[in-house]
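Step one of this worksheet: look at the structure below.
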Amino acid sequence: MEVKISVQGLNAWFGSKQALKDISLDILEKKITAIIGPSGCGKSTLIRCLNRMHEVVPGARVSGKVLLNGKNIYEGDVDPVDIRRRVGMVFQKPNPFPTMSVYENVAAGLLLNGIRDKNRLSEIVEKSLKQAALLEEVKHELHKSGASLSGGQQQRLCIARALAVEPEVILMDEPCSDLDPIATVKIEDLITELKREYTVVIVTHNMQQAARVSDYTAFLYLGKLIEYDDTARLFEKPQKELTERYITGRFG
């Protein structure tokens, strides 16, 4: 199994507050890795460091290495915009562009990357919506506002938008936390499907969700990586007492 992202001695700060402390882990290609832990433990900060989004926060900084296909994304010759295309992000709250149609939402990144051929745009938009399990629901409403869709559909639209620019990795920050159970099942099924072609990293506060969808799970606490293992092994036979206490609901 190949390593897609290797995190080595990663530290992250917001001003003087250290959010991540010496994190090292390997994220495997075309697998789903879940990151769990109580609120404020650094889960979202960790994935935002994987595509250089952390540094856009004023006063935020990072030390250590994040290797994508063996190349440190924090080296001086690396374009952060290119990294954010290759490592896409789906946020907790669906954030379709409200003034754009469904079609325009998916095509936005393509247009920014200079693709102007209408046939090519339509082809990629259709493919991305299909990959996001949304095409059948919106194929007659492509010119309707993206904001008019249901919450679950909006989240899948945001996933389609991320897929359109052909990323290698998809980061998801609690993608189901604002969704109802039916929409959550659709997103979980979609995540499972996506690993055929992509490496997926999902932050979740829902341990049942981590157990259902992920191949590997990392448990963070107070900015430190406590345990990282095969998901079934971590949930059935955790090596650290702190992990066991968290997954059995004794704190967090």
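Chain lettering (A, B, ...) mirrors the order of the structure tokens, residue numbering begins at 1 for each chain separately, and ligand numbering begins at 1 in order of display.
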Go through region 126-233 of chain A and flag each residue having an atom no more than 12 Å from region 59-76 of chain A; for those, report the closest pair of atoms plus their distance in Å to one decimal, using only C-alpha atoms, ordered by chain and rising number, as a Markdown table.
| residue | atom | partner | partner_atom | distance |
| --- | --- | --- | --- | --- |
| A:Glu168 | CA | A:Leu68 | CA | 9.6 |
| A:Val169 | CA | A:Leu68 | CA | 9.5 |
| A:Thr199 | CA | A:Leu68 | CA | 11.4 |
Polymer residues at most 12 Å from region 96-104 of chain A, only C-alpha atoms, same-chain spacing of 3 or more positions, as a ChimeraX atom specification: /A:90-91,93,107-112,118,121-129,134-135,137-162,164
Output C-alpha atoms for every residue in that selection, as a PDB file, in the first residue's frame.
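Everything below was put into out.pdb:
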ATOM      1  CA  VAL A  90     -15.275  19.956   1.672  1.00  0.00           C
ATOM      2  CA  PHE A  91     -16.403  21.961   4.695  1.00  0.00           C
ATOM      3  CA  LYS A  93     -21.465  23.634   6.338  1.00  0.00           C
ATOM      4  CA  ALA A 107     -17.660  24.663 -13.286  1.00  0.00           C
ATOM      5  CA  ALA A 108     -16.225  27.492 -11.138  1.00  0.00           C
ATOM      6  CA  GLY A 109     -12.839  25.884 -10.466  1.00  0.00           C
ATOM      7  CA  LEU A 110     -12.502  24.787 -14.088  1.00  0.00           C
ATOM      8  CA  LEU A 111     -13.069  28.331 -15.329  1.00  0.00           C
ATOM      9  CA  LEU A 112     -10.481  29.609 -12.842  1.00  0.00           C
ATOM     10  CA  LYS A 118     -18.188  24.555 -23.449  1.00  0.00           C
ATOM     11  CA  LEU A 121     -16.973  22.039 -19.295  1.00  0.00           C
ATOM     12  CA  SER A 122     -20.326  20.276 -19.692  1.00  0.00           C
ATOM     13  CA  GLU A 123     -18.639  16.888 -19.848  1.00  0.00           C
ATOM     14  CA  ILE A 124     -16.690  17.474 -16.613  1.00  0.00           C
ATOM     15  CA  VAL A 125     -19.690  19.018 -14.806  1.00  0.00           C
ATOM     16  CA  GLU A 126     -21.833  16.004 -15.693  1.00  0.00           C
ATOM     17  CA  LYS A 127     -19.112  13.530 -14.689  1.00  0.00           C
ATOM     18  CA  SER A 128     -18.509  15.314 -11.345  1.00  0.00           C
ATOM     19  CA  LEU A 129     -22.222  15.451 -10.487  1.00  0.00           C
ATOM     20  CA  LEU A 134     -26.280  14.048  -7.558  1.00  0.00           C
ATOM     21  CA  LEU A 135     -26.752  14.038 -11.341  1.00  0.00           C
ATOM     22  CA  GLU A 137     -31.574  14.570  -8.868  1.00  0.00           C
ATOM     23  CA  VAL A 138     -30.516  17.816 -10.585  1.00  0.00           C
ATOM     24  CA  LYS A 139     -30.077  17.017 -14.300  1.00  0.00           C
ATOM     25  CA  HIS A 140     -33.187  19.023 -15.219  1.00  0.00           C
ATOM     26  CA  GLU A 141     -32.299  21.857 -12.811  1.00  0.00           C
ATOM     27  CA  LEU A 142     -28.686  22.641 -13.707  1.00  0.00           C
ATOM     28  CA  HIS A 143     -29.470  26.332 -14.135  1.00  0.00           C
ATOM     29  CA  LYS A 144     -31.311  26.602 -10.834  1.00  0.00           C
ATOM     30  CA  SER A 145     -29.452  28.313  -7.956  1.00  0.00           C
ATOM     31  CA  GLY A 146     -27.132  25.979  -6.047  1.00  0.00           C
ATOM     32  CA  ALA A 147     -28.440  27.519  -2.820  1.00  0.00           C
ATOM     33  CA  SER A 148     -31.980  26.306  -3.626  1.00  0.00           C
ATOM     34  CA  LEU A 149     -31.037  22.646  -3.131  1.00  0.00           C
ATOM     35  CA  SER A 150     -31.618  20.759   0.138  1.00  0.00           C
ATOM     36  CA  GLY A 151     -28.790  20.653   2.700  1.00  0.00           C
ATOM     37  CA  GLY A 152     -27.704  17.153   1.692  1.00  0.00           C
ATOM     38  CA  GLN A 153     -27.825  18.039  -2.004  1.00  0.00           C
ATOM     39  CA  GLN A 154     -25.813  21.201  -1.356  1.00  0.00           C
ATOM     40  CA  GLN A 155     -23.127  19.136   0.372  1.00  0.00           C
ATOM     41  CA  ARG A 156     -22.965  16.739  -2.585  1.00  0.00           C
ATOM     42  CA  LEU A 157     -22.811  19.768  -4.901  1.00  0.00           C
ATOM     43  CA  CYS A 158     -19.773  20.994  -2.944  1.00  0.00           C
ATOM     44  CA  ILE A 159     -18.224  17.533  -3.303  1.00  0.00           C
ATOM     45  CA  ALA A 160     -18.884  17.665  -7.069  1.00  0.00           C
ATOM     46  CA  ARG A 161     -17.237  21.110  -7.183  1.00  0.00           C
ATOM     47  CA  ALA A 162     -14.161  19.690  -5.428  1.00  0.00           C
ATOM     48  CA  ALA A 164     -14.329  18.775 -10.959  1.00  0.00           C
TER      49      ALA A 164
END
DSSP on the backbone, then: every residue of region 75-234 of chain A marked strand (DSSP E), written as a PDB file with N, CA and C atoms, in the first residue's frame.
ATOM      1  N   VAL A  87      -5.371  18.834  -3.474  1.00  0.00           N
ATOM      2  CA  VAL A  87      -5.912  18.340  -2.201  1.00  0.00           C
ATOM      3  C   VAL A  87      -7.151  19.181  -1.890  1.00  0.00           C
ATOM      4  N   GLY A  88      -8.313  18.691  -2.348  1.00  0.00           N
ATOM      5  CA  GLY A  88      -9.550  19.460  -2.240  1.00  0.00           C
ATOM      6  C   GLY A  88     -10.147  19.400  -0.839  1.00  0.00           C
ATOM      7  N   MET A  89     -11.011  20.362  -0.542  1.00  0.00           N
ATOM      8  CA  MET A  89     -11.606  20.453   0.807  1.00  0.00           C
ATOM      9  C   MET A  89     -13.123  20.596   0.705  1.00  0.00           C
ATOM     10  N   VAL A  90     -13.822  19.833   1.529  1.00  0.00           N
ATOM     11  CA  VAL A  90     -15.275  19.956   1.672  1.00  0.00           C
ATOM     12  C   VAL A  90     -15.531  20.328   3.129  1.00  0.00           C
ATOM     13  N   VAL A 169      -6.550  14.058  -3.577  1.00  0.00           N
ATOM     14  CA  VAL A 169      -6.975  13.813  -2.197  1.00  0.00           C
ATOM     15  C   VAL A 169      -8.198  14.685  -1.921  1.00  0.00           C
ATOM     16  N   ILE A 170      -9.153  14.154  -1.149  1.00  0.00           N
ATOM     17  CA  ILE A 170     -10.316  14.946  -0.742  1.00  0.00           C
ATOM     18  C   ILE A 170     -10.366  14.958   0.786  1.00  0.00           C
ATOM     19  N   LEU A 171     -10.326  16.166   1.338  1.00  0.00           N
ATOM     20  CA  LEU A 171     -10.433  16.361   2.781  1.00  0.00           C
ATOM     21  C   LEU A 171     -11.871  16.751   3.094  1.00  0.00           C
ATOM     22  N   MET A 172     -12.454  16.157   4.126  1.00  0.00           N
ATOM     23  CA  MET A 172     -13.834  16.465   4.499  1.00  0.00           C
ATOM     24  C   MET A 172     -13.880  16.797   5.986  1.00  0.00           C
ATOM     25  N   ASP A 173     -14.337  17.992   6.298  1.00  0.00           N
ATOM     26  CA  ASP A 173     -14.378  18.450   7.693  1.00  0.00           C
ATOM     27  C   ASP A 173     -15.799  18.321   8.228  1.00  0.00           C
ATOM     28  N   THR A 199      -7.929   9.447  -2.495  1.00  0.00           N
ATOM     29  CA  THR A 199      -7.570   9.286  -1.090  1.00  0.00           C
ATOM     30  C   THR A 199      -8.468  10.243  -0.305  1.00  0.00           C
ATOM     31  N   VAL A 200      -9.146   9.736   0.717  1.00  0.00           N
ATOM     32  CA  VAL A 200     -10.123  10.551   1.456  1.00  0.00           C
ATOM     33  C   VAL A 200      -9.717  10.644   2.925  1.00  0.00           C
ATOM     34  N   VAL A 201      -9.757  11.869   3.454  1.00  0.00           N
ATOM     35  CA  VAL A 201      -9.522  12.091   4.884  1.00  0.00           C
ATOM     36  C   VAL A 201     -10.756  12.789   5.437  1.00  0.00           C
ATOM     37  N   ILE A 202     -11.373  12.199   6.454  1.00  0.00           N
ATOM     38  CA  ILE A 202     -12.612  12.764   7.001  1.00  0.00           C
ATOM     39  C   ILE A 202     -12.457  13.042   8.492  1.00  0.00           C
ATOM     40  N   VAL A 203     -12.757  14.275   8.871  1.00  0.00           N
ATOM     41  CA  VAL A 203     -12.844  14.632  10.291  1.00  0.00           C
ATOM     42  C   VAL A 203     -14.280  14.369  10.722  1.00  0.00           C
ATOM     43  N   TYR A 216      -8.773   3.543   8.235  1.00  0.00           N
ATOM     44  CA  TYR A 216      -7.819   3.866   9.287  1.00  0.00           C
ATOM     45  C   TYR A 216      -8.377   5.023  10.106  1.00  0.00           C
ATOM     46  N   THR A 217      -8.034   5.044  11.391  1.00  0.00           N
ATOM     47  CA  THR A 217      -8.521   6.118  12.276  1.00  0.00           C
ATOM     48  C   THR A 217      -7.370   6.667  13.112  1.00  0.00           C
ATOM     49  N   ALA A 218      -7.328   8.001  13.191  1.00  0.00           N
ATOM     50  CA  ALA A 218      -6.367   8.706  14.048  1.00  0.00           C
ATOM     51  C   ALA A 218      -7.145   9.377  15.177  1.00  0.00           C
ATOM     52  N   PHE A 219      -6.701   9.178  16.411  1.00  0.00           N
ATOM     53  CA  PHE A 219      -7.338   9.801  17.570  1.00  0.00           C
ATOM     54  C   PHE A 219      -6.429  10.918  18.082  1.00  0.00           C
ATOM     55  N   LEU A 220      -6.965  12.155  18.051  1.00  0.00           N
ATOM     56  CA  LEU A 220      -6.228  13.320  18.544  1.00  0.00           C
ATOM     57  C   LEU A 220      -6.787  13.768  19.882  1.00  0.00           C
ATOM     58  N   TYR A 221      -5.905  14.259  20.746  1.00  0.00           N
ATOM     59  CA  TYR A 221      -6.340  14.813  22.027  1.00  0.00           C
ATOM     60  C   TYR A 221      -5.363  15.917  22.416  1.00  0.00           C
ATOM     61  N   LYS A 224      -2.323  16.479  20.239  1.00  0.00           N
ATOM     62  CA  LYS A 224      -1.368  15.385  20.050  1.00  0.00           C
ATOM     63  C   LYS A 224      -2.050  14.173  19.430  1.00  0.00           C
ATOM     64  N   LEU A 225      -1.279  13.430  18.631  1.00  0.00           N
ATOM     65  CA  LEU A 225      -1.780  12.169  18.088  1.00  0.00           C
ATOM     66  C   LEU A 225      -1.588  11.093  19.148  1.00  0.00           C
ATOM     67  N   ILE A 226      -2.695  10.575  19.655  1.00  0.00           N
ATOM     68  CA  ILE A 226      -2.624   9.567  20.727  1.00  0.00           C
ATOM     69  C   ILE A 226      -2.478   8.168  20.136  1.00  0.00           C
ATOM     70  N   GLU A 227      -3.260   7.899  19.087  1.00  0.00           N
ATOM     71  CA  GLU A 227      -3.213   6.555  18.494  1.00  0.00           C
ATOM     72  C   GLU A 227      -3.685   6.627  17.041  1.00  0.00           C
ATOM     73  N   TYR A 228      -3.039   5.807  16.206  1.00  0.00           N
ATOM     74  CA  TYR A 228      -3.392   5.744  14.778  1.00  0.00           C
ATOM     75  C   TYR A 228      -3.265   4.295  14.346  1.00  0.00           C
ATOM     76  N   ASP A 229      -4.366   3.743  13.819  1.00  0.00           N
ATOM     77  CA  ASP A 229      -4.333   2.312  13.502  1.00  0.00           C
ATOM     78  C   ASP A 229      -5.441   1.989  12.507  1.00  0.00           C
ATOM     79  N   ASP A 230      -5.417   0.752  12.039  1.00  0.00           N
ATOM     80  CA  ASP A 230      -6.533   0.182  11.291  1.00  0.00           C
ATOM     81  C   ASP A 230      -7.803   0.417  12.126  1.00  0.00           C
TER      82      ASP A 230
END
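Using only C-alpha atoms, the protein and nucleic acid residues lying no more than 12 Å from region 231-248 of chain A, apart from those fewer than 6 places from it along its own chain, are Lys31, Ile32, Thr33, Ala34, Ile35, Ile36, Gly37, Pro38, His205, Asn206, Met207, Gln208, Gln209, Ala210, Ala211, Arg212, Val213, Ser214, Asp215, Tyr216, Thr217, Ala218, Phe219, Leu220, Tyr221, Leu222, Lys224 and Leu225 of chain A.
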Polymer residues at most 6 Å from Asp22 (chain A), only C-alpha atoms, same-chain spacing of 5 or more positions, as a PyMOL selection string: chain A and resi 9-11
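Here CA of Ile187 (chain A) is placed at a distance of 24.7 Å from CA of Asp26 (chain A).
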Hey, which of A:Lys4, A:Lys21, A:Lys130, A:Lys195 ends up closest to Arg86 (chain A)? Count only C-alpha atoms. A:Lys4
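Comparing the minimum interatomic distances between Arg52 (chain A) and each of A:Val165, A:Ala183, A:Ala12, A:Leu20, counting only C-alpha atoms, we find that A:Ala12 sits nearest.
Proximity to Val56 (chain A) was assessed for A:Lys43, A:Arg250, A:Lys186, A:Arg84 counting only C-alpha atoms; the smallest distance is recorded for A:Arg84.
In terms of minimum interatomic distance to Gln131 (chain A), A:Leu190 ranks closest within A:Leu190, A:Val185, A:Cys176, A:Ile83, counting only C-alpha atoms.
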A straight line from CA of Gly42 (chain A) to CA of Gly249 (chain A) spans 19.1 Å
Could you go through region 17-213 of chain A and tell me which residues DSSP, when run on the backbone, assigns to helix (DSSP H, G or I), listing them as a VMD selection string? chain A and resid 43 to 49 54 to 56 80 to 86 102 to 112 118 to 131 135 to 138 146 to 148 151 to 164 181 to 194 207 to 213
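The smallest atom-to-atom distance between Met1 (chain A) and any of A:Trp13, A:Asp82, A:Lys30, A:Leu25, using only C-alpha atoms, is found for A:Lys30.
If only C-alpha atoms are the atoms counted, then among A:Asn113, A:Ser177, A:Thr45, A:Asn95 the closest residue to Ala19 (chain A) is A:Thr45.
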